[in-house]
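Shown here: model30.cif, mmCIF, C-alpha atoms.
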```cif
data_upload
#
loop_
_atom_site.label_atom_id
_atom_site.label_comp_id
_atom_site.auth_asym_id
_atom_site.auth_seq_id
_atom_site.Cartn_x
_atom_site.Cartn_y
_atom_site.Cartn_z
CA MET C 42 -66.74 30.72 -59.18
CA ILE C 43 -64.92 33.31 -57.09
CA GLY C 44 -65.63 36.94 -57.99
CA ASP C 45 -62.90 39.37 -58.95
CA ILE C 46 -60.85 40.92 -56.15
CA LEU C 47 -58.58 43.92 -56.63
CA LEU C 48 -55.77 44.45 -54.11
CA LYS C 49 -55.07 48.13 -54.58
CA GLY C 50 -52.02 50.18 -53.64
CA GLY C 51 -49.88 47.65 -51.80
CA LYS C 52 -46.11 47.31 -51.60
CA VAL C 53 -45.82 44.07 -53.58
CA PHE C 54 -42.94 41.60 -53.17
CA SER C 55 -42.47 39.99 -56.57
CA GLY C 56 -39.30 38.91 -58.34
CA ASN C 57 -37.42 39.50 -55.07
CA LEU C 58 -38.22 43.21 -55.30
CA LEU C 59 -40.68 45.41 -53.46
CA ARG C 60 -42.66 47.73 -55.70
CA ASP C 61 -45.93 49.62 -55.71
CA ALA C 62 -48.47 47.55 -57.62
CA ASP C 63 -52.04 46.32 -57.77
CA ILE C 64 -53.17 42.72 -58.10
CA LEU C 65 -56.35 41.59 -59.83
CA ILE C 66 -57.56 38.15 -58.76
CA ARG C 67 -60.09 36.22 -60.82
CA ASP C 68 -61.48 32.81 -59.91
CA GLY C 69 -58.72 32.34 -57.34
CA VAL C 70 -55.90 33.07 -59.79
CA ILE C 71 -53.72 36.16 -60.28
CA LYS C 72 -55.06 37.74 -63.48
CA GLU C 73 -53.07 40.97 -63.56
CA LEU C 74 -50.20 42.47 -61.59
CA SER C 75 -49.42 46.02 -62.58
CA SER C 76 -49.37 49.62 -61.43
CA ASP C 77 -52.60 51.61 -61.39
CA LEU C 78 -55.07 48.92 -62.39
CA PRO C 79 -58.52 50.45 -62.89
CA VAL C 80 -61.17 50.02 -60.24
CA SER C 81 -64.34 48.43 -61.57
CA ASP C 82 -67.75 47.72 -60.12
CA ASP C 83 -67.19 44.02 -60.89
CA ALA C 84 -64.31 43.61 -58.43
CA ALA C 85 -64.30 43.63 -54.66
CA LEU C 86 -61.81 46.32 -53.69
CA VAL C 87 -59.25 45.68 -50.94
CA ASP C 88 -57.35 48.78 -49.90
CA ALA C 89 -53.78 47.54 -49.47
CA THR C 90 -52.07 50.92 -49.28
CA SER C 91 -50.73 50.29 -45.78
CA PHE C 92 -49.78 46.66 -46.43
CA ILE C 93 -46.82 44.65 -47.68
CA VAL C 94 -48.24 42.14 -50.17
CA SER C 95 -46.20 38.93 -50.20
CA PRO C 96 -46.50 35.55 -51.80
CA GLY C 97 -48.04 33.26 -49.21
CA LEU C 98 -45.46 32.26 -46.61
CA VAL C 99 -44.20 28.66 -46.68
CA ASP C 100 -43.10 26.68 -43.62
CA VAL C 101 -41.24 23.49 -44.52
CA HIS C 102 -41.08 22.17 -40.94
CA VAL C 103 -44.18 21.86 -38.76
CA HIS C 104 -45.70 19.23 -36.48
CA PHE C 105 -49.50 18.99 -36.61
CA ARG C 106 -49.60 15.78 -34.53
CA GLU C 107 -52.43 14.12 -36.48
CA PRO C 108 -52.77 11.17 -36.64
CA GLY C 109 -51.80 9.83 -33.25
CA PHE C 110 -51.36 12.82 -30.95
CA THR C 111 -54.44 14.97 -31.39
CA HIS C 112 -54.36 16.07 -27.75
CA LYS C 113 -51.43 18.28 -28.85
CA GLU C 114 -52.64 19.59 -32.25
CA THR C 115 -54.82 18.62 -35.21
CA ILE C 116 -54.68 19.32 -38.91
CA ARG C 117 -57.54 21.77 -38.38
CA THR C 118 -56.00 23.75 -35.51
CA GLY C 119 -52.51 23.64 -36.96
CA SER C 120 -53.61 24.88 -40.37
CA LEU C 121 -55.67 27.66 -38.76
CA ALA C 122 -52.57 28.71 -36.82
CA ALA C 123 -50.62 28.66 -40.09
CA ALA C 124 -53.19 30.88 -41.80
CA ARG C 125 -53.11 33.35 -38.91
CA GLY C 126 -49.34 33.45 -39.26
CA GLY C 127 -49.51 34.25 -42.98
CA TYR C 128 -48.67 30.76 -44.22
CA THR C 129 -50.47 29.31 -47.22
CA THR C 130 -48.34 26.15 -47.43
CA VAL C 131 -46.81 24.04 -44.65
CA CYS C 132 -44.95 20.72 -44.65
CA THR C 133 -45.79 18.31 -41.83
CA MET C 134 -43.18 16.10 -40.23
CA PRO C 135 -43.68 12.32 -39.92
CA ASN C 136 -43.34 11.70 -36.17
CA LEU C 137 -46.93 10.47 -36.11
CA ASP C 138 -48.84 7.30 -35.29
CA PRO C 139 -48.96 5.59 -37.66
CA VAL C 140 -45.68 6.82 -39.08
CA PRO C 141 -46.22 7.66 -42.78
CA ASP C 142 -43.82 4.97 -43.95
CA SER C 143 -46.16 3.24 -46.42
CA PRO C 144 -48.99 4.34 -48.71
CA ALA C 145 -51.56 2.87 -46.30
CA HIS C 146 -50.13 4.68 -43.30
CA LEU C 147 -49.75 7.95 -45.22
CA ALA C 148 -53.39 7.70 -46.33
CA VAL C 149 -54.55 8.27 -42.73
CA GLU C 150 -52.83 11.67 -42.66
CA LEU C 151 -53.91 12.55 -46.19
CA ASP C 152 -57.54 11.87 -45.30
CA ALA C 153 -57.32 14.29 -42.37
CA ILE C 154 -55.66 16.90 -44.58
CA ARG C 155 -58.36 16.65 -47.23
CA ARG C 156 -61.05 16.90 -44.59
CA ASP C 157 -59.76 19.67 -42.33
CA ALA C 158 -56.88 21.74 -43.73
CA VAL C 159 -57.53 25.42 -44.53
CA VAL C 160 -54.12 25.88 -46.20
CA ASP C 161 -51.99 23.52 -48.28
CA VAL C 162 -50.54 20.82 -46.02
CA LEU C 163 -47.80 18.76 -47.68
CA PRO C 164 -46.69 15.71 -45.68
CA TYR C 165 -43.23 14.25 -45.27
CA CYS C 166 -42.78 10.51 -45.33
CA SER C 167 -40.18 8.86 -43.14
CA ILE C 168 -36.78 7.74 -44.42
CA THR C 169 -36.90 4.48 -42.51
CA LYS C 170 -39.73 2.23 -41.41
CA GLY C 171 -41.12 3.40 -38.11
CA ARG C 172 -38.42 6.10 -38.05
CA LEU C 173 -36.25 3.47 -36.38
CA GLY C 174 -33.20 4.07 -38.57
CA ARG C 175 -32.82 0.50 -39.80
CA GLU C 176 -34.83 -0.36 -42.93
CA LEU C 177 -35.62 2.07 -45.73
CA VAL C 178 -39.18 2.79 -46.74
CA ASP C 179 -40.25 2.07 -50.32
CA MET C 180 -39.49 5.57 -51.58
CA GLU C 181 -40.73 4.89 -55.08
CA SER C 182 -44.25 4.09 -53.84
CA LEU C 183 -44.33 7.29 -51.74
CA LYS C 184 -42.39 9.90 -53.69
CA ASP C 185 -45.38 11.33 -55.57
CA LYS C 186 -47.45 11.61 -52.39
CA CYS C 187 -45.04 13.52 -50.14
CA VAL C 188 -42.87 16.62 -50.25
CA ALA C 189 -39.66 14.88 -49.05
CA PHE C 190 -38.35 12.14 -46.75
CA SER C 191 -37.27 12.74 -43.15
CA ASP C 192 -36.94 10.85 -39.88
CA ASP C 193 -37.33 14.16 -38.05
CA GLY C 194 -36.95 13.81 -34.33
CA ASN C 195 -34.33 11.13 -34.97
CA GLY C 196 -31.02 11.38 -36.73
CA VAL C 197 -30.23 8.39 -38.95
CA GLN C 198 -27.36 6.89 -36.95
CA ASP C 199 -26.17 4.16 -39.34
CA ASP C 200 -23.90 5.52 -42.07
CA ALA C 201 -24.75 2.66 -44.42
CA VAL C 202 -28.49 3.26 -44.04
CA MET C 203 -28.11 6.95 -44.82
CA LEU C 204 -25.89 6.20 -47.80
CA GLU C 205 -28.51 3.80 -49.18
CA ALA C 206 -31.24 6.37 -48.53
CA MET C 207 -29.37 9.07 -50.41
CA ARG C 208 -28.54 6.78 -53.32
CA THR C 209 -32.20 5.78 -53.62
CA ALA C 210 -33.41 9.37 -53.28
CA ALA C 211 -30.93 10.54 -55.91
CA SER C 212 -32.11 7.88 -58.35
CA LEU C 213 -35.72 9.01 -57.83
CA ASP C 214 -34.87 12.75 -57.69
CA CYS C 215 -36.29 13.01 -54.17
CA MET C 216 -35.13 15.14 -51.28
CA ILE C 217 -33.77 13.87 -47.97
CA ALA C 218 -34.44 16.35 -45.13
CA ALA C 219 -32.35 15.40 -42.12
CA HIS C 220 -32.66 15.93 -38.41
CA CYS C 221 -28.94 15.78 -37.59
CA GLU C 222 -28.07 14.45 -34.16
CA LEU C 223 -25.50 11.90 -33.03
CA ASN C 224 -27.07 9.92 -30.23
CA SER C 225 -23.68 8.84 -28.91
CA LEU C 226 -22.90 12.46 -27.97
CA LEU C 227 -26.20 13.35 -26.28
CA LYS C 228 -25.44 11.83 -22.84
CA GLY C 229 -28.86 12.69 -21.46
CA GLY C 230 -28.59 16.39 -22.29
CA TYR C 231 -31.61 18.62 -22.78
CA ILE C 232 -30.25 22.19 -23.12
CA ASN C 233 -27.07 23.54 -24.67
CA GLU C 234 -23.80 22.44 -23.12
CA GLY C 235 -22.48 25.82 -22.12
CA ALA C 236 -22.33 28.49 -19.45
CA TYR C 237 -26.00 28.21 -18.45
CA SER C 238 -26.02 24.43 -18.09
CA ALA C 239 -22.83 24.55 -16.03
CA ALA C 240 -24.09 27.34 -13.77
CA HIS C 241 -27.49 25.75 -13.13
CA GLY C 242 -26.61 22.07 -12.92
CA HIS C 243 -28.31 20.99 -16.15
CA LYS C 244 -27.16 18.26 -18.53
CA GLY C 245 -25.96 19.77 -21.77
CA ILE C 246 -26.17 18.84 -25.45
CA CYS C 247 -22.87 19.56 -27.18
CA ALA C 248 -22.78 21.40 -30.52
CA GLU C 249 -20.82 18.55 -32.08
CA SER C 250 -23.84 16.25 -31.79
CA GLU C 251 -25.40 18.37 -34.55
CA TRP C 252 -22.53 19.41 -36.79
CA ALA C 253 -20.72 16.06 -36.83
CA GLN C 254 -23.71 14.34 -38.42
CA ILE C 255 -24.14 17.23 -40.86
CA ALA C 256 -20.51 16.72 -41.89
CA ARG C 257 -21.18 13.02 -42.55
CA ASP C 258 -24.31 13.74 -44.55
CA LEU C 259 -22.61 16.39 -46.65
CA GLU C 260 -19.99 13.82 -47.65
CA LEU C 261 -22.72 11.34 -48.57
CA SER C 262 -24.66 13.95 -50.52
CA ALA C 263 -21.51 14.85 -52.46
CA LYS C 264 -20.93 11.17 -53.17
CA THR C 265 -24.48 10.38 -54.30
CA GLY C 266 -25.69 13.67 -55.80
CA CYS C 267 -28.74 13.55 -53.52
CA ARG C 268 -30.80 16.67 -52.92
CA TYR C 269 -30.16 17.17 -49.21
CA HIS C 270 -31.83 19.59 -46.78
CA VAL C 271 -30.61 20.14 -43.22
CA CYS C 272 -33.35 20.79 -40.70
CA HIS C 273 -33.25 23.42 -37.91
CA ILE C 274 -29.50 24.17 -37.74
CA SER C 275 -28.44 25.85 -34.50
CA THR C 276 -24.63 26.09 -34.46
CA GLY C 277 -22.03 28.26 -36.13
CA ARG C 278 -20.03 25.21 -37.17
CA SER C 279 -23.09 23.88 -39.00
CA VAL C 280 -23.30 27.12 -40.99
CA ALA C 281 -19.62 26.94 -41.89
CA LEU C 282 -19.83 23.32 -43.06
CA ILE C 283 -22.86 24.03 -45.23
CA ARG C 284 -21.24 27.16 -46.68
CA GLU C 285 -18.17 25.14 -47.66
CA ALA C 286 -20.30 22.35 -49.14
CA LYS C 287 -22.31 24.76 -51.25
CA ALA C 288 -19.12 26.31 -52.59
CA SER C 289 -17.93 22.86 -53.66
CA GLY C 290 -21.17 22.08 -55.50
CA VAL C 291 -23.03 19.86 -53.03
CA ARG C 292 -26.81 19.98 -53.58
CA VAL C 293 -27.57 21.16 -50.05
CA THR C 294 -30.07 23.58 -48.58
CA CYS C 295 -30.77 24.31 -44.93
CA GLU C 296 -33.14 25.99 -42.54
CA THR C 297 -32.99 27.62 -39.16
CA ALA C 298 -35.82 28.84 -36.93
CA PRO C 299 -36.90 32.21 -35.52
CA HIS C 300 -35.85 31.25 -31.98
CA TYR C 301 -32.27 30.49 -33.04
CA LEU C 302 -32.05 33.87 -34.80
CA THR C 303 -33.41 35.93 -31.91
CA LEU C 304 -32.51 34.04 -28.71
CA CYS C 305 -29.54 32.23 -27.19
CA GLU C 306 -28.67 30.43 -23.97
CA ASP C 307 -28.26 33.81 -22.25
CA ASP C 308 -32.04 34.21 -22.51
CA LEU C 309 -32.90 30.91 -20.84
CA LEU C 310 -35.34 30.78 -17.96
CA GLU C 311 -36.25 27.78 -15.82
CA ASP C 312 -39.36 27.25 -17.90
CA GLY C 313 -40.39 24.58 -20.41
CA ARG C 314 -41.21 27.22 -23.02
CA PHE C 315 -37.46 27.62 -23.55
CA LYS C 316 -36.88 23.92 -24.23
CA MET C 317 -36.60 22.68 -27.82
CA ASN C 318 -34.40 20.38 -29.89
CA PRO C 319 -31.86 21.47 -30.94
CA PRO C 320 -31.50 23.76 -27.93
CA LEU C 321 -30.79 27.48 -27.85
CA ARG C 322 -27.05 27.81 -28.34
CA THR C 323 -24.53 30.57 -27.63
CA ALA C 324 -24.65 34.20 -28.70
CA SER C 325 -21.83 33.52 -31.17
CA ASP C 326 -23.84 30.67 -32.71
CA ARG C 327 -26.79 33.03 -33.10
CA GLU C 328 -24.59 35.61 -34.82
CA ALA C 329 -23.21 32.96 -37.19
CA LEU C 330 -26.76 31.94 -38.12
CA ILE C 331 -27.68 35.56 -38.81
CA GLU C 332 -24.59 35.96 -41.00
CA GLY C 333 -25.54 32.75 -42.80
CA LEU C 334 -28.99 34.20 -43.42
CA ARG C 335 -27.44 37.40 -44.72
CA ASP C 336 -25.09 35.71 -47.17
CA GLY C 337 -27.58 33.08 -48.34
CA THR C 338 -25.97 30.04 -46.73
CA VAL C 339 -29.14 29.67 -44.66
CA ASP C 340 -31.79 29.30 -47.34
CA VAL C 341 -34.99 28.99 -45.35
CA ILE C 342 -36.54 30.08 -42.08
CA ALA C 343 -38.91 27.39 -40.75
CA THR C 344 -40.66 27.44 -37.40
CA ASP C 345 -40.36 23.80 -36.27
CA HIS C 346 -43.84 24.44 -34.80
CA ALA C 347 -44.08 21.66 -32.20
CA PRO C 348 -47.11 21.92 -29.91
CA HIS C 349 -47.54 19.93 -26.71
CA ALA C 350 -50.25 19.76 -24.07
CA ALA C 351 -49.83 22.31 -21.29
CA GLU C 352 -48.96 19.68 -18.69
CA GLU C 353 -46.16 18.34 -20.90
CA LYS C 354 -44.53 21.80 -20.94
CA SER C 355 -45.02 22.59 -17.23
CA ARG C 356 -42.08 20.62 -15.81
CA GLY C 357 -39.25 23.12 -16.22
CA LEU C 358 -36.19 22.74 -18.42
CA GLU C 359 -35.35 19.24 -17.28
CA GLY C 360 -38.73 17.57 -17.31
CA SER C 361 -40.69 19.29 -20.07
CA ALA C 362 -41.19 17.90 -23.56
CA MET C 363 -38.98 19.28 -26.32
CA GLY C 364 -40.69 21.75 -28.64
CA ILE C 365 -42.36 25.14 -28.89
CA VAL C 366 -45.02 26.69 -31.13
CA GLY C 367 -44.10 29.31 -33.68
CA LEU C 368 -46.48 29.73 -36.63
CA GLU C 369 -48.44 32.69 -35.27
CA THR C 370 -45.43 34.78 -34.23
CA ALA C 371 -42.69 33.97 -36.76
CA PHE C 372 -42.92 36.89 -39.15
CA PRO C 373 -43.57 39.62 -36.54
CA VAL C 374 -40.76 38.35 -34.29
CA LEU C 375 -38.25 38.36 -37.13
CA TYR C 376 -39.45 41.66 -38.57
CA SER C 377 -39.25 43.29 -35.13
CA ARG C 378 -35.84 41.93 -34.13
CA LEU C 379 -34.02 41.70 -37.48
CA VAL C 380 -35.64 44.06 -40.00
CA THR C 381 -36.56 47.15 -37.96
CA THR C 382 -33.08 47.01 -36.41
CA GLY C 383 -31.38 46.92 -39.83
CA ILE C 384 -29.80 43.50 -39.31
CA ILE C 385 -31.38 42.07 -42.49
CA SER C 386 -33.58 43.56 -45.19
CA LEU C 387 -37.30 42.97 -45.52
CA GLU C 388 -36.62 41.48 -48.94
CA ARG C 389 -34.22 38.90 -47.49
CA LEU C 390 -36.74 37.95 -44.80
CA LEU C 391 -39.53 37.43 -47.33
CA ASP C 392 -37.15 35.51 -49.58
CA ALA C 393 -36.33 33.09 -46.74
CA MET C 394 -39.96 32.68 -45.69
CA SER C 395 -41.62 32.38 -49.08
CA VAL C 396 -39.42 32.31 -52.18
CA ARG C 397 -36.56 29.98 -51.24
CA PRO C 398 -38.68 27.34 -49.53
CA ARG C 399 -40.74 27.07 -52.71
CA SER C 400 -37.57 26.74 -54.78
CA ALA C 401 -35.81 24.24 -52.53
CA PHE C 402 -38.83 21.96 -52.14
CA ARG C 403 -40.22 22.47 -55.66
CA ILE C 404 -43.44 23.97 -54.40
CA GLY C 405 -45.22 26.08 -57.00
CA GLY C 406 -46.69 29.53 -56.56
CA GLY C 407 -45.55 33.10 -56.17
CA LEU C 408 -46.88 36.49 -57.14
CA ARG C 409 -47.03 35.98 -60.89
CA VAL C 410 -49.83 36.14 -63.42
CA GLY C 411 -51.40 32.72 -63.80
CA GLU C 412 -50.44 31.48 -60.33
CA ALA C 413 -52.93 30.70 -57.58
CA ALA C 414 -53.71 33.73 -55.44
CA ASP C 415 -51.90 32.53 -52.32
CA ILE C 416 -51.13 35.88 -50.75
CA THR C 417 -50.11 37.27 -47.37
CA LEU C 418 -51.02 40.82 -46.39
CA ILE C 419 -48.68 42.24 -43.75
CA ASP C 420 -49.30 45.40 -41.74
CA PRO C 421 -45.81 46.73 -40.89
CA GLY C 422 -47.24 49.54 -38.78
CA ALA C 423 -49.10 47.33 -36.33
CA ALA C 424 -47.89 47.00 -32.75
CA TRP C 425 -49.04 44.26 -30.38
CA THR C 426 -48.03 42.07 -27.47
CA VAL C 427 -47.91 38.29 -27.83
CA ASP C 428 -50.59 36.54 -25.78
CA SER C 429 -50.34 32.81 -26.36
CA SER C 430 -53.74 32.18 -24.75
CA ARG C 431 -55.27 33.65 -27.91
CA PHE C 432 -53.47 31.35 -30.35
CA ALA C 433 -55.43 29.22 -32.81
CA SER C 434 -52.92 26.45 -32.13
CA MET C 435 -53.68 24.03 -29.32
CA GLY C 436 -50.10 24.59 -28.19
CA HIS C 437 -49.32 27.71 -26.17
CA SER C 438 -45.71 27.21 -25.13
CA THR C 439 -43.56 29.93 -26.69
CA PRO C 440 -40.53 31.89 -25.49
CA PHE C 441 -42.05 34.94 -27.20
CA ASP C 442 -45.04 35.20 -24.84
CA GLY C 443 -45.29 38.80 -23.66
CA TRP C 444 -43.01 40.19 -26.37
CA TYR C 445 -43.98 43.58 -27.81
CA LEU C 446 -43.80 43.27 -31.59
CA ARG C 447 -43.99 45.48 -34.66
CA SER C 448 -45.92 44.25 -37.72
CA ARG C 449 -48.78 41.81 -37.89
CA ILE C 450 -50.35 39.50 -40.44
CA ALA C 451 -53.39 41.44 -41.63
CA ALA C 452 -54.89 38.68 -43.78
CA THR C 453 -54.04 35.45 -45.57
CA MET C 454 -55.53 34.46 -48.92
CA LYS C 455 -55.60 30.87 -50.17
CA ASN C 456 -56.71 30.48 -53.79
CA GLY C 457 -58.20 33.96 -53.63
CA LYS C 458 -60.21 33.34 -50.46
CA PHE C 459 -59.47 34.84 -47.07
CA VAL C 460 -58.68 32.09 -44.54
CA GLY C 461 -57.88 31.90 -40.85
#
```
Turn this file's structure into structure tokens for me.
Amino acid sequence: MIGDILLKGGKVFSGNLLRDADILIRDGVIKELSSDLPVSDDAALVDATSFIVSPGLVDVHVHFREPGFTHKETIRTGSLAAARGGYTTVCTMPNLDPVPDSPAHLAVELDAIRRDAVVDVLPYCSITKGRLGRELVDMESLKDKCVAFSDDGNGVQDDAVMLEAMRTAASLDCMIAAHCELNSLLKGGYINEGAYSAAHGHKGICAESEWAQIARDLELSAKTGCRYHVCHISTGRSVALIREAKASGVRVTCETAPHYLTLCEDDLLEDGRFKMNPPLRTASDREALIEGLRDGTVDVIATDHAPHAAEEKSRGLEGSAMGIVGLETAFPVLYSRLVTTGIISLERLLDAMSVRPRSAFRIGGGLRVGEAADITLIDPGAAWTVDSSRFASMGHSTPFDGWYLRSRIAATMKNGKFVG
């Protein structure tokens, strides 16, 4: 049994509104949420007067690398990083070994999660066997064990395979979450095809490689009625296509990441910590993503936390592995660059990082009586400088290293217990 805890005097984000309220937690569950709850000797008192009190943050796109690549990250280190970043639920992508494409293969990851996770870790299963894009997995045998299906890291190239996947997912009421990338347009690129790649002799990845496959998938989703989620969008054209599809009734949601909202190719340095897939695009793409976040076209902000060993990120833009870490900096980076500057509201940021991911992926929770006490305490007055050497994650490659930020995660509660 967990004793009573009273969070007193915080600015509580509930029902998409910020209001002054107290929260009484009993046995890991929210018992009361109201103004001026009485202080009793039976409850541990937490003074939250300087904190924003949010439902636990949710990241629907992380890579914890276990099983198969534990030299990069483990369930333990990844979930600790998530807790430090204010996340109480994360969804792990299936580019693992073994690929979670069968109940037996998924069981390896689930065992590690049960053993080592300090927050809720919900796995994806792959769309196709081995993530090879050819033969569908048995979705029916996996659907109750995973949060959604994705071949993340690979776009499904064959139109017929994706059509069959969406038809099957629609019949089972499952979600397809797609990494959208046309291999035929990549041509060996590794950063955005634009001014920087031209000026510095790098091979570029064109924007069409992303949005053209999104356009195909939106047509297939409209045809099948499949619940369809677009991973890590990076281009303005992607935003426009998704906006149009939503207006026509397609069951589509999408995410972008903190780095696409705060950086662009103008910020590139000859350093592997600026290399990710999709790449940083143009300033106009960044502005389109921000506008999509403002108007609700972009539903979710997810980090695409993708740790690698230091040596794998030490080979510059051309030779380094794709991927950066993001769990421990996401909220402060976005609060500092988008909220304190008046670009978006705090409410919209919390909506995209907690409320909408729960809704889109049918993940329970929230700050309501009777729900588990999965809560993030945010100190908006804190000021600090990012030092990746102090991360809980085994990955330390981030473009935000050295950034001076406002706000910090003060504490994370999972089922009424402080974690991280």
Could you give me, as a VMD selection string, the residues within 12 Å of Pro79 (chain C), counting all atoms listed in the file and dropping anything in the same chain fewer than 4 positions from it? chain C and resid 46 to 50 62 to 65 73 to 75 83 to 84 86
Nearest to Val159 (chain C) among C:Val140, C:Ile255, C:Ala201, C:Ile116, with distances taken over all atoms listed in the file: which residue is it?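 Looking only at the distances to Val159 (chain C), the closest residue turns out to be C:Ile116.
Applied to the file shown here, the PyMOL selection byres ((chain C and resi 226) around 9) selects Glu222, Leu223, Asn224, Ser225, Leu227, Lys228, Gly229, Gly230, Ile246, Cys247, Glu249 and Ser250 of chain C.
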Please write the residues from the selection above to a file, keeping C-alpha atoms, as a PDB file, in the coordinates of the input.
```pdb
ATOM      1  CA  GLU C 222     -28.070  14.450 -34.160  1.00  0.00           C
ATOM      2  CA  LEU C 223     -25.500  11.900 -33.030  1.00  0.00           C
ATOM      3  CA  ASN C 224     -27.070   9.920 -30.230  1.00  0.00           C
ATOM      4  CA  SER C 225     -23.680   8.840 -28.910  1.00  0.00           C
ATOM      5  CA  LEU C 227     -26.200  13.350 -26.280  1.00  0.00           C
ATOM      6  CA  LYS C 228     -25.440  11.830 -22.840  1.00  0.00           C
ATOM      7  CA  GLY C 229     -28.860  12.690 -21.460  1.00  0.00           C
ATOM      8  CA  GLY C 230     -28.590  16.390 -22.290  1.00  0.00           C
ATOM      9  CA  ILE C 246     -26.170  18.840 -25.450  1.00  0.00           C
ATOM     10  CA  CYS C 247     -22.870  19.560 -27.180  1.00  0.00           C
ATOM     11  CA  GLU C 249     -20.820  18.550 -32.080  1.00  0.00           C
ATOM     12  CA  SER C 250     -23.840  16.250 -31.790  1.00  0.00           C
TER      13      SER C 250
END
```
Given the file above and the PyMOL selection byres ((chain C and resi 396) around 9), which residues are selected, and can you give them as a list of chain:residue names?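 Applying the PyMOL selection byres ((chain C and resi 396) around 9) to the structure shown produces C:Asn57, C:Pro96, C:Leu98, C:Val99, C:Val341, C:Leu391, C:Asp392, C:Ala393, C:Met394, C:Ser395, C:Arg397, C:Pro398, C:Arg399, C:Ser400, C:Ala401, C:Gly406, C:Gly407.
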With only C-alpha atoms as the atoms that count, which of C:Gly266, C:Pro440, C:Gly290, C:Gly109 lies nearest to Leu321 (chain C)?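 Comparing C:Gly266, C:Pro440, C:Gly290, C:Gly109 against Leu321 (chain C), the winner is C:Pro440.
Distance annotation: of C:Gly119, C:Gly242, C:Gly333, C:Gly51, the residue with the minimal separation from Ala433 (chain C) is C:Gly119; atom set is all atoms listed in the file.
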List the residues selected by the PyMOL selection byres ((chain C and resi 357) around 7) in the file shown, writing them as a count of residues only. 9
Name the residues, using the chain letters and numbers of the file, that sit within 12 Å of (-48.6, 16.8, -24.7) when counting only C-alpha atoms, and give them as a short mmCIF file (atom, residue, chain, number, x, y, z; two decimals) with C-alpha atoms, in the coordinates of the input.
```
data_model
loop_
_atom_site.label_atom_id
_atom_site.label_comp_id
_atom_site.auth_asym_id
_atom_site.auth_seq_id
_atom_site.Cartn_x
_atom_site.Cartn_y
_atom_site.Cartn_z
CA ARG C 106 -49.60 15.78 -34.53
CA GLY C 109 -51.80 9.83 -33.25
CA PHE C 110 -51.36 12.82 -30.95
CA THR C 111 -54.44 14.97 -31.39
CA HIS C 112 -54.36 16.07 -27.75
CA LYS C 113 -51.43 18.28 -28.85
CA GLU C 114 -52.64 19.59 -32.25
CA ALA C 347 -44.08 21.66 -32.20
CA PRO C 348 -47.11 21.92 -29.91
CA HIS C 349 -47.54 19.93 -26.71
CA ALA C 350 -50.25 19.76 -24.07
CA ALA C 351 -49.83 22.31 -21.29
CA GLU C 352 -48.96 19.68 -18.69
CA GLU C 353 -46.16 18.34 -20.90
CA LYS C 354 -44.53 21.80 -20.94
CA SER C 355 -45.02 22.59 -17.23
CA ARG C 356 -42.08 20.62 -15.81
CA SER C 361 -40.69 19.29 -20.07
CA ALA C 362 -41.19 17.90 -23.56
CA MET C 363 -38.98 19.28 -26.32
CA GLY C 364 -40.69 21.75 -28.64
CA ILE C 365 -42.36 25.14 -28.89
CA MET C 435 -53.68 24.03 -29.32
CA GLY C 436 -50.10 24.59 -28.19
CA HIS C 437 -49.32 27.71 -26.17
CA SER C 438 -45.71 27.21 -25.13
#
```
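Here the question is which of C:Leu390, C:Ala206, C:Tyr165, C:Ala413 gets nearest to Leu58 (chain C) using only C-alpha atoms, and that residue is C:Leu390.
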Which of these, C:Val103, C:Val271, C:Ile404, C:Val87, has the shortest distance to His220 (chain C) once you count all atoms listed in the file? C:Val271
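Atom pair CA of Glu107 (chain C) / CA of Ala452 (chain C): separated by 25.7 Å.
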Nearby residues (only C-alpha atoms) at most 7 Å from region 300-302 of chain C, same-chain spacing under 5 positions excluded, as a PyMOL selection string: chain C and resi 275+321+327+330-331
Quick one: residues within 12 Å of Phe459 (chain C), only C-alpha atoms, excluding same-chain residues fewer than 2 positions away - as a list in words?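 Here the answer would be Ile43, Ile46, Gly69, Val87, Gly97, Leu121, Ala124, Arg125, Gly127, Tyr128, Thr129, Val159, Val160, Ala414, Asp415, Ile416, Thr417, Leu418, Ala451, Ala452, Thr453, Met454, Lys455, Asn456, Gly457 and Gly461 of chain C.
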What gap, in Å, lies between CA of Thr130 (chain C) and CA of Leu387 (chain C)?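 Result for CA of Thr130 (chain C) versus CA of Leu387 (chain C): 20.2 Å, one decimal.
Atom pair CA of Ala424 (chain C) / CA of Arg449 (chain C): separated by 7.4 Å.
Near region 371-376 of chain C, within 6 Å and counting only C-alpha atoms, sit Gly367, Leu368, Leu379, Val380, Ser448 and Arg449 of chain C, not including residues fewer than 3 positions from it in the same chain.
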Writer output for current selection, C-alpha atoms, as a tab-separated table (two decimals), in the frame of the given file:
```tsv
chain	number	residue	atom	x	y	z
C	367	GLY	CA	-44.10	29.31	-33.68
C	368	LEU	CA	-46.48	29.73	-36.63
C	379	LEU	CA	-34.02	41.70	-37.48
C	380	VAL	CA	-35.64	44.06	-40.00
C	448	SER	CA	-45.92	44.25	-37.72
C	449	ARG	CA	-48.78	41.81	-37.89
```
Can you tell me, as JSON, numbers by chain, what residues are no more than 8 Å from Ser143 (chain C) when counting only C-alpha atoms, ignoring any on the same chain fewer than 4 positions away? {"C": [147, 178, 179, 182, 183]}
C:Asp307, C:Val410, C:Gly422, C:Glu369 ranked by distance to Thr118 (chain C), top pick (using only C-alpha atoms):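 Of the candidates, the smallest distance to Thr118 (chain C) is held by C:Glu369.
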